[in-house]
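S.K.: I am attaching a structure below and will ask some questions about it afterwards.
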Protein chains: 4
Amino acid sequence: MTKKPTDKRQAILDAALKIFAENGFHSSPTSQISKMANVGTGTIYRYFENKDSLINALYDEVDQRLRATAWEDIDEQAPVRENLFHLLGIVFRFLLDNPSDFKFFEQYYNSPYGIEKKRSQEETCDKPMVMIFEKGIEQQIIKDLPHDLLFALCFGPMTMLIRDQLTGYFTITDEMIQTTIKATWDSIRL
Amino acid sequence: MTKKPTDKRQAILDAALKIFAENGFHSSPTSQISKMANVGTGTIYRYFENKDSLINALYDEVDQRLRATAWEDIDEQAPVRENLFHLLGIVFRFLLDNPSDFKFFEQYYNSPYGIEKKRSQEETCDKPMVMIFEKGIEQQIIKDLPHDLLFALCFGPMTMLIRDQLTGYFTITDEMIQTTIKATWDSIRL
Amino acid sequence: MTKKPTDKRQAILDAALKIFAENGFHSSPTSQISKMANVGTGTIYRYFENKDSLINALYDEVDQRLRATAWEDIDEQAPVRENLFHLLGIVFRFLLDNPSDFKFFEQYYNSPYGIEKKRSQEETCDKPMVMIFEKGIEQQIIKDLPHDLLFALCFGPMTMLIRDQLTGYFTITDEMIQTTIKATWDSIRL
Amino acid sequence: MTKKPTDKRQAILDAALKIFAENGFHSSPTSQISKMANVGTGTIYRYFENKDSLINALYDEVDQRLRATAWEDIDEQAPVRENLFHLLGIVFRFLLDNPSDFKFFEQYYNSPYGIEKKRSQEETCDKPMVMIFEKGIEQQIIKDLPHDLLFALCFGPMTMLIRDQLTGYFTITDEMIQTTIKATWDSIRL
DNA sequence: TATGAATGAGCATTCATTCAT
DNA sequence: AATGAATGAATGCTCATTCAT
């Protein structure tokens with residue numbers, strides 16, 4: 001049984017993610033990616049128009065993965081607070097466990113790519129967040145603030161902590177995760 | 001009155017900051033920088049050993065600028081809460097008013113440079129933060145958490161909001177700044 | 001029939017030899033070499049790690065060529081004197097007929113490359129020389145001197161004459177070659 | 001008492017000789033030369049039109065030095081053989097003791113400079129050689145060969161040995177010098 | 001469909017030379 | 001006369017992309 005075409009595409013994406021996360025977009029020659037993916041140099045161009053396309057496709061994939069994770073086990077009937085704690089915990093854990101995804105994301109946002117992409121919050125991992133926010137505001141549990149602000153309050157601290165951990169600055173414990181989520185909750189609760 | 005040698009060095013740094021912020025390190029040819037700085041290509045290498053040196057020197061300069069701003073008008077005798085609100089407000093405003101500084105910083109941290117630099121929190125804009133944290137903890141006004149975590153809680157949301165604004169996502173109003181700071185305070189207060 | 005990959009490598013070596021011999025290593029841009037070889041600039045770097053590698057590979061090639069020539073028609077059973085005259089004649093002729101090889105060699109030895117290479121006499125064109133020397137010494141036909149000295153006595157005059165001829169100083173006739181070899185023989189014979 | 005202008009010229013020549021001998025013409029920036037000579041970068045251009053001029057002037061100086069050495073203690077009345085042995089010994093020793101001069105010379109001859117200069121044998125260290133050759137031939141002590149050939153026979157072996165020694169290949173002893181001169185004599189004597 | 005050799009535009013960096021002081 | 005900051009042409013090398021097989 002031979003590889004399905006999808007396999008090559010996926011191998012390229014997987015290799016690209018690792019290499020981009022490690023070295024940055026511009027220090028990651030396509031030749032290195034194709035080598036790690038065990039495909040020919042030209043093959044990348046059969047699946048992606050050019051390097052930029054590959055980067056954007058990779059963003060979409062990582063974004064999908066994160067979104068799927070965020071939805072995981074969300075019980076729409078559960079209380080807002082419980083859902084938020086659950087979701088933040090899952091995302092936190094996911095990003096810590098998938099540092100390449102995190103690094104790629106950060107790089108993407110802080111580059112011309114991210115600016116062009118003009119992250120559309122509605123399309124990211126935040127459908128459930130929106131649901132939680134709206135329900136929380138309606139129930140007068142969460143401050144009535146713009147979603148963007150609530151979003152930044154929820155993910156800003158987490159993001160900064162993970163970045164610090166990845167630069168070797170310190171180690172995040174499970175307890176620290178809970179403490180952070182608790183503090184995050186304090187910042188948005190009414 | 002003739003140009004001091006510092007002028008050229010500064011012209012290079014200024015040009016580099018703008019171009020790096022706009023295009024990223026790797027899409028910013030030294031030739032473009034020297035052109036914008038109105039100096040010869042070779043002149044950059046009289047002031048900086050190589051492009052990496054320039055980037056690191058630029059980081060130091062921006063860091064200095066931010067640190068100086070953070071210390072501004074801090075009255076050590078004033079209440080903790082007041083000092084924190086003041087400081088966060090100033091930093092928020094500074095980063096919004098100096099988007100190139102912000103973009104450069106973010107890029108730097110999310111690149112091999114930042115990882116090598118291993119941000120030493122004690123040396124950044126946070127001497128006053130440390131003071132505030134310690135005093136707040138001592139007075140049982142602020143949660144007794146690691147400084148790193150408190151730091152992330154203070155600057156994470158702000159950072160994410162500014163990034164969003166710079167990607168054109170929305171506009172941050174003065175009222176929003178105050179709201180954010182208030183929420184930030186809620187996340188760390190006891 | 002298509003070009004074998006070796007063709008491009010060889011074309012690069014050939015072009016490099018001519019240009020190096022003419023202008024010296026440092027006045028021979030890789031762009032000029034690639035142009036004369038009818039290949040793209042980057043192609044050089046598919047076959048050689050960098051310019052230094054190219055130079056060293058070229059040395060190996062020229063060395064091989066000379067060595068092969070020196071061995072040519074050597075009849076191990078023939079008398080020492082006959083063998084020596086034959087070999088010196090062949091090498092003399094070869095270097096006169098291949099001035100690029102000669103110039104390249106001289107340049108190589110009088111540069112940091114040659115010093116690093118630390119010419120290992122045993123590995124150059126001199127296996128047959130060693131044989132001749134040892135046999136001659138054993139038969140008490142040749143002076144019992146260090147091989148290095150015998151080597152210098154054999155090739156020093158020849159080298160200097162060829163250099164003079166290449167600088168346009170005068171023309172070496174076949175008779176001159178024979179006279180030189182005869183004199184060389186006189187310097188080492190017992 | 002301040003430096004005479006000549007001092008600076010000489011300082012530049014001295015520095016250039018060392019640096020050229022060590023690194024080759026093209027790996028010896030004028031800035032490095034001026035630094036070692038303790039003069040300003042521009043100062044070189046007050047004494048020499050450009051780098052090429054400096055190289056040629058340096059050649060002339062080294063050449064003068066060698067010529068002066070060769071003439072040293074030559075007693076025109078002494079026997080040809082004695083004079084030749086004396087002169088070769090002095091030159092051999094000089095070149096061994098002044099490796100920078102030797103290396104510079106070799107580099108010069110094996111470069112486009114040397115070819116342009118078209119070494120005029122009459123102008124080098126060989127006035128005394130010519131005298132010796134002519135007298136020797138007249139007295140039927142030396143083979144009646146072209147001066148060029150006699151010259152190559154005299155200096156070829158010496159040159160090759162010194163080069164070998166400088167590449168670290170082996171060490172030349174005083175005894176070796178005498179042996180070499182003796183062999184050289186054998187090659188040109190009748 | 002897949003490959004990887006070949007390409008050449010693009011970039012960091014060097015260094016001979018100039019010229020204002 | 002002497003200086004050294006400034007210059008920019010020149011060069012080695014990289015890497016995204018193409019295309020013949």
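Convention: chains lettered A, B, ... in structure tokens order; per-chain residue numbering from 1; ligands numbered from 1 as shown.
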State the Cα RMSD (Å, one decimal) obtained when chain D is least-squares superposed onto chain C, all Cα atoms paired in order.
M.R.: 0.3 Å
S.K.: List the neighbours of Lys35 (chain B) out to 12 Å using only C-alpha atoms (C1' of nucleotides); skip same-chain residues closer than 3 positions along the sequence, and give me the result as a VMD selection string.
M.R.: (chain B and resid 8 11 to 12 14 to 16 19 28 to 32 38 to 44) or (chain F and resid 8)
S.K.: Quick one: contact table of chain B to chain A, 6 Å max, nearest atom pair and distance in Å to one decimal per residue, counting only C-alpha atoms, chain and number order, as a tab-separated table?
M.R.:
```
residue	atom	partner	partner_atom	distance
B:Gln107	CA	A:Asn110	CA	5.7
B:Asn110	CA	A:Gln107	CA	5.9
B:Ile115	CA	A:Thr167	CA	5.1
B:Ala152	CA	A:Pro157	CA	4.8
B:Leu153	CA	A:Pro157	CA	4.8
B:Gly156	CA	A:Gly156	CA	3.9
B:Pro157	CA	A:Gly156	CA	4.2
B:Met160	CA	A:Gly156	CA	5.5
B:Leu161	CA	A:Ala152	CA	6.0
B:Thr167	CA	A:Ile115	CA	4.8
B:Ala183	CA	A:Ser187	CA	4.6
B:Thr184	CA	A:Ser187	CA	5.8
B:Asp186	CA	A:Ser187	CA	4.9
B:Ser187	CA	A:Ser187	CA	4.4
```
S.K.: Residues of the last selection are to be written out with N, CA and C atoms, as an mmCIF file, in the first residue's frame.
M.R.:
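See result12.cif below for the written result:
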```cif
data_model
loop_
_atom_site.group_PDB
_atom_site.id
_atom_site.type_symbol
_atom_site.label_atom_id
_atom_site.label_comp_id
_atom_site.auth_asym_id
_atom_site.auth_seq_id
_atom_site.Cartn_x
_atom_site.Cartn_y
_atom_site.Cartn_z
ATOM 1 N N GLN B 107 8.548 40.802 18.217
ATOM 2 C CA GLN B 107 9.308 40.006 17.265
ATOM 3 C C GLN B 107 10.570 39.441 17.909
ATOM 4 N N ASN B 110 9.852 36.568 20.229
ATOM 5 C CA ASN B 110 9.436 35.354 19.528
ATOM 6 C C ASN B 110 10.420 34.946 18.448
ATOM 7 N N ILE B 115 15.256 34.301 22.814
ATOM 8 C CA ILE B 115 15.551 33.114 23.608
ATOM 9 C C ILE B 115 16.979 33.164 24.139
ATOM 10 N N ALA B 152 2.843 38.417 34.471
ATOM 11 C CA ALA B 152 2.060 37.966 33.320
ATOM 12 C C ALA B 152 0.615 38.452 33.426
ATOM 13 N N LEU B 153 0.081 38.449 34.633
ATOM 14 C CA LEU B 153 -1.294 38.918 34.815
ATOM 15 C C LEU B 153 -1.419 40.404 34.498
ATOM 16 N N GLY B 156 0.065 40.631 30.347
ATOM 17 C CA GLY B 156 -0.469 39.756 29.316
ATOM 18 C C GLY B 156 -1.659 40.338 28.590
ATOM 19 N N PRO B 157 -2.685 40.745 29.316
ATOM 20 C CA PRO B 157 -3.857 41.299 28.626
ATOM 21 C C PRO B 157 -3.506 42.529 27.808
ATOM 22 N N MET B 160 -1.772 41.606 24.611
ATOM 23 C CA MET B 160 -2.637 40.997 23.606
ATOM 24 C C MET B 160 -3.558 42.022 22.966
ATOM 25 N N LEU B 161 -4.033 42.942 23.755
ATOM 26 C CA LEU B 161 -4.898 43.985 23.200
ATOM 27 C C LEU B 161 -4.153 44.851 22.200
ATOM 28 N N THR B 167 -2.949 44.825 14.549
ATOM 29 C CA THR B 167 -3.332 44.058 13.364
ATOM 30 C C THR B 167 -4.597 44.655 12.760
ATOM 31 N N ALA B 183 -9.517 45.671 35.426
ATOM 32 C CA ALA B 183 -9.670 44.209 35.409
ATOM 33 C C ALA B 183 -8.369 43.531 35.823
ATOM 34 N N THR B 184 -7.273 44.084 35.346
ATOM 35 C CA THR B 184 -5.969 43.546 35.707
ATOM 36 C C THR B 184 -5.789 43.591 37.226
ATOM 37 N N ASP B 186 -8.101 43.580 39.400
ATOM 38 C CA ASP B 186 -8.964 42.570 40.014
ATOM 39 C C ASP B 186 -8.317 41.193 40.017
ATOM 40 N N SER B 187 -7.488 40.947 39.028
ATOM 41 C CA SER B 187 -6.892 39.608 38.925
ATOM 42 C C SER B 187 -5.766 39.383 39.932
#
```
S.K.: Have a look at B:Phe85, B:Phe133, B:Phe102, B:Tyr45 and name the one nearest to chain F; count only C-alpha atoms (C1' of nucleotides).
M.R.: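 Checking each of B:Phe85, B:Phe133, B:Phe102, B:Tyr45 against chain F, counting only C-alpha atoms (C1' of nucleotides), the winner is B:Tyr45.
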S.K.: Using only C-alpha atoms (C1' of nucleotides) and a cut-off of 9 Å, which residues of chain E sit close to chain D? Please list them as a PyMOL selection string.
M.R.: chain E and resi 15-18
S.K.: Give me a file of those residues, with N, CA and C atoms (P, O5', C5', C4', C3', O3' and C1' of nucleotides), as a PDB file, in the first residue's frame.
M.R.:
```pdb
ATOM      1  P    DC E  15      38.324  42.197   4.321  1.00  0.00           P
ATOM      2  O5'  DC E  15      38.690  43.436   3.400  1.00  0.00           O
ATOM      3  C5'  DC E  15      38.297  43.400   2.035  1.00  0.00           C
ATOM      4  C4'  DC E  15      38.542  44.743   1.416  1.00  0.00           C
ATOM      5  C3'  DC E  15      39.646  45.569   2.069  1.00  0.00           C
ATOM      6  O3'  DC E  15      40.313  46.278   1.047  1.00  0.00           O
ATOM      7  C1'  DC E  15      37.675  46.814   2.074  1.00  0.00           C
ATOM      8  P    DA E  16      41.886  46.431   1.131  1.00  0.00           P
ATOM      9  O5'  DA E  16      42.144  47.388  -0.116  1.00  0.00           O
ATOM     10  C5'  DA E  16      41.658  47.000  -1.398  1.00  0.00           C
ATOM     11  C4'  DA E  16      41.155  48.213  -2.151  1.00  0.00           C
ATOM     12  C3'  DA E  16      42.136  49.376  -2.246  1.00  0.00           C
ATOM     13  O3'  DA E  16      41.982  49.971  -3.529  1.00  0.00           O
ATOM     14  C1'  DA E  16      40.211  50.097  -1.076  1.00  0.00           C
ATOM     15  P    DT E  17      42.992  51.118  -3.941  1.00  0.00           P
ATOM     16  O5'  DT E  17      42.171  52.424  -3.546  1.00  0.00           O
ATOM     17  C5'  DT E  17      40.885  52.611  -4.115  1.00  0.00           C
ATOM     18  C4'  DT E  17      40.217  53.821  -3.495  1.00  0.00           C
ATOM     19  C3'  DT E  17      41.077  55.086  -3.364  1.00  0.00           C
ATOM     20  O3'  DT E  17      40.451  56.095  -4.136  1.00  0.00           O
ATOM     21  C1'  DT E  17      39.807  54.709  -1.413  1.00  0.00           C
ATOM     22  P    DT E  18      41.103  57.514  -4.268  1.00  0.00           P
ATOM     23  O5'  DT E  18      40.049  58.432  -3.513  1.00  0.00           O
ATOM     24  C5'  DT E  18      38.676  58.162  -3.683  1.00  0.00           C
ATOM     25  C4'  DT E  18      37.854  59.033  -2.752  1.00  0.00           C
ATOM     26  C3'  DT E  18      38.292  60.498  -2.675  1.00  0.00           C
ATOM     27  O3'  DT E  18      37.115  61.286  -2.676  1.00  0.00           O
ATOM     28  C1'  DT E  18      38.271  59.580  -0.513  1.00  0.00           C
TER      29       DT E  18
END
```
S.K.: Taking only C-alpha atoms (C1' of nucleotides) into account and nothing else, which residues of chain F lie no more than 10 Å away from chain B? Please answer as an MDAnalysis selection string.
M.R.: chainID F and resid 5:8
S.K.: Atoms to include: all heavy atoms. Write the selected residues as an mmCIF file, in the first residue's frame.
M.R.:
```cif
data_model
loop_
_atom_site.group_PDB
_atom_site.id
_atom_site.type_symbol
_atom_site.label_atom_id
_atom_site.label_comp_id
_atom_site.auth_asym_id
_atom_site.auth_seq_id
_atom_site.Cartn_x
_atom_site.Cartn_y
_atom_site.Cartn_z
ATOM 1 P P DA F 5 37.070 56.810 13.300
ATOM 2 O OP1 DA F 5 37.483 57.502 14.538
ATOM 3 O OP2 DA F 5 36.936 55.348 13.257
ATOM 4 O "O5'" DA F 5 35.716 57.473 12.783
ATOM 5 C "C5'" DA F 5 35.580 58.890 12.765
ATOM 6 C "C4'" DA F 5 34.716 59.319 11.591
ATOM 7 O "O4'" DA F 5 35.496 59.269 10.374
ATOM 8 C "C3'" DA F 5 33.490 58.439 11.348
ATOM 9 O "O3'" DA F 5 32.429 59.282 10.905
ATOM 10 C "C2'" DA F 5 33.945 57.494 10.251
ATOM 11 C "C1'" DA F 5 34.906 58.365 9.445
ATOM 12 N N9 DA F 5 36.023 57.659 8.818
ATOM 13 C C8 DA F 5 36.796 56.675 9.366
ATOM 14 N N7 DA F 5 37.752 56.253 8.565
ATOM 15 C C5 DA F 5 37.603 57.008 7.426
ATOM 16 C C6 DA F 5 38.300 57.043 6.205
ATOM 17 N N6 DA F 5 39.349 56.268 5.935
ATOM 18 N N1 DA F 5 37.884 57.911 5.257
ATOM 19 C C2 DA F 5 36.832 58.707 5.537
ATOM 20 N N3 DA F 5 36.097 58.765 6.648
ATOM 21 C C4 DA F 5 36.532 57.880 7.560
ATOM 22 P P DA F 6 31.009 58.629 10.596
ATOM 23 O OP1 DA F 6 30.037 59.682 10.893
ATOM 24 O OP2 DA F 6 30.919 57.304 11.244
ATOM 25 O "O5'" DA F 6 31.064 58.432 9.031
ATOM 26 C "C5'" DA F 6 31.218 59.594 8.208
ATOM 27 C "C4'" DA F 6 31.255 59.178 6.760
ATOM 28 O "O4'" DA F 6 32.506 58.516 6.487
ATOM 29 C "C3'" DA F 6 30.156 58.191 6.343
ATOM 30 O "O3'" DA F 6 29.374 58.786 5.315
ATOM 31 C "C2'" DA F 6 30.896 56.958 5.865
ATOM 32 C "C1'" DA F 6 32.301 57.472 5.571
ATOM 33 N N9 DA F 6 33.372 56.505 5.795
ATOM 34 C C8 DA F 6 33.574 55.715 6.892
ATOM 35 N N7 DA F 6 34.634 54.941 6.813
ATOM 36 C C5 DA F 6 35.173 55.240 5.572
ATOM 37 C C6 DA F 6 36.306 54.763 4.881
ATOM 38 N N6 DA F 6 37.139 53.833 5.378
ATOM 39 N N1 DA F 6 36.562 55.278 3.659
ATOM 40 C C2 DA F 6 35.729 56.205 3.170
ATOM 41 N N3 DA F 6 34.632 56.729 3.720
ATOM 42 C C4 DA F 6 34.413 56.209 4.931
ATOM 43 P P DT F 7 28.180 57.990 4.682
ATOM 44 O OP1 DT F 7 27.229 59.006 4.225
ATOM 45 O OP2 DT F 7 27.739 56.922 5.591
ATOM 46 O "O5'" DT F 7 28.836 57.331 3.408
ATOM 47 C "C5'" DT F 7 29.568 58.177 2.510
ATOM 48 C "C4'" DT F 7 30.240 57.346 1.454
ATOM 49 O "O4'" DT F 7 31.324 56.592 2.034
ATOM 50 C "C3'" DT F 7 29.317 56.303 0.809
ATOM 51 O "O3'" DT F 7 29.151 56.639 -0.551
ATOM 52 C "C2'" DT F 7 30.021 54.967 0.991
ATOM 53 C "C1'" DT F 7 31.433 55.381 1.333
ATOM 54 N N1 DT F 7 32.176 54.446 2.224
ATOM 55 C C2 DT F 7 33.349 53.896 1.782
ATOM 56 O O2 DT F 7 33.812 54.133 0.676
ATOM 57 N N3 DT F 7 33.971 53.066 2.680
ATOM 58 C C4 DT F 7 33.536 52.739 3.952
ATOM 59 O O4 DT F 7 34.174 51.982 4.669
ATOM 60 C C5 DT F 7 32.297 53.341 4.357
ATOM 61 C C7 DT F 7 31.741 53.060 5.708
ATOM 62 C C6 DT F 7 31.680 54.159 3.488
ATOM 63 P P DG F 8 27.799 56.463 -1.281
ATOM 64 O OP1 DG F 8 27.566 57.629 -2.145
ATOM 65 O OP2 DG F 8 26.782 56.056 -0.275
ATOM 66 O "O5'" DG F 8 28.112 55.213 -2.197
ATOM 67 C "C5'" DG F 8 29.280 55.212 -3.015
ATOM 68 C "C4'" DG F 8 29.597 53.795 -3.433
ATOM 69 O "O4'" DG F 8 30.269 53.113 -2.344
ATOM 70 C "C3'" DG F 8 28.359 52.925 -3.737
ATOM 71 O "O3'" DG F 8 28.719 51.964 -4.727
ATOM 72 C "C2'" DG F 8 28.128 52.202 -2.427
ATOM 73 C "C1'" DG F 8 29.563 51.923 -2.044
ATOM 74 N N9 DG F 8 29.767 51.618 -0.648
ATOM 75 C C8 DG F 8 28.915 51.808 0.396
ATOM 76 N N7 DG F 8 29.393 51.417 1.541
ATOM 77 C C5 DG F 8 30.655 50.947 1.234
ATOM 78 C C6 DG F 8 31.661 50.394 2.054
ATOM 79 O O6 DG F 8 31.639 50.215 3.279
ATOM 80 N N1 DG F 8 32.797 50.040 1.322
ATOM 81 C C2 DG F 8 32.945 50.205 -0.034
ATOM 82 N N2 DG F 8 34.099 49.824 -0.565
ATOM 83 N N3 DG F 8 32.010 50.732 -0.807
ATOM 84 C C4 DG F 8 30.898 51.076 -0.116
#
```
S.K.: So how far away is CA of Leu66 (chain D) from CA of Asp174 (chain D), in Å?
M.R.: 19.8 Å
S.K.: Would you list, as JSON, numbers by chain, the residues of region 46-121 of chain A that end up in helix (DSSP H, G or I) under DSSP run on this structure's backbone?
M.R.: {"A": [46, 47, 51, 52, 53, 54, 55, 56, 57, 58, 59, 60, 61, 62, 63, 64, 65, 66, 67, 68, 69, 70, 71, 80, 81, 82, 83, 84, 85, 86, 87, 88, 89, 90, 91, 92, 93, 94, 95, 96, 97, 99, 100, 101, 102, 103, 104, 105, 106, 107, 108, 109, 112, 113, 114, 115, 116, 117, 121]}
S.K.: What is the distance between CA of Ile141 (chain C) and CA of Arg81 (chain C), in Å to one decimal?
M.R.: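 Value for the CA of Ile141 (chain C)-CA of Arg81 (chain C) distance: 8.4 Å.
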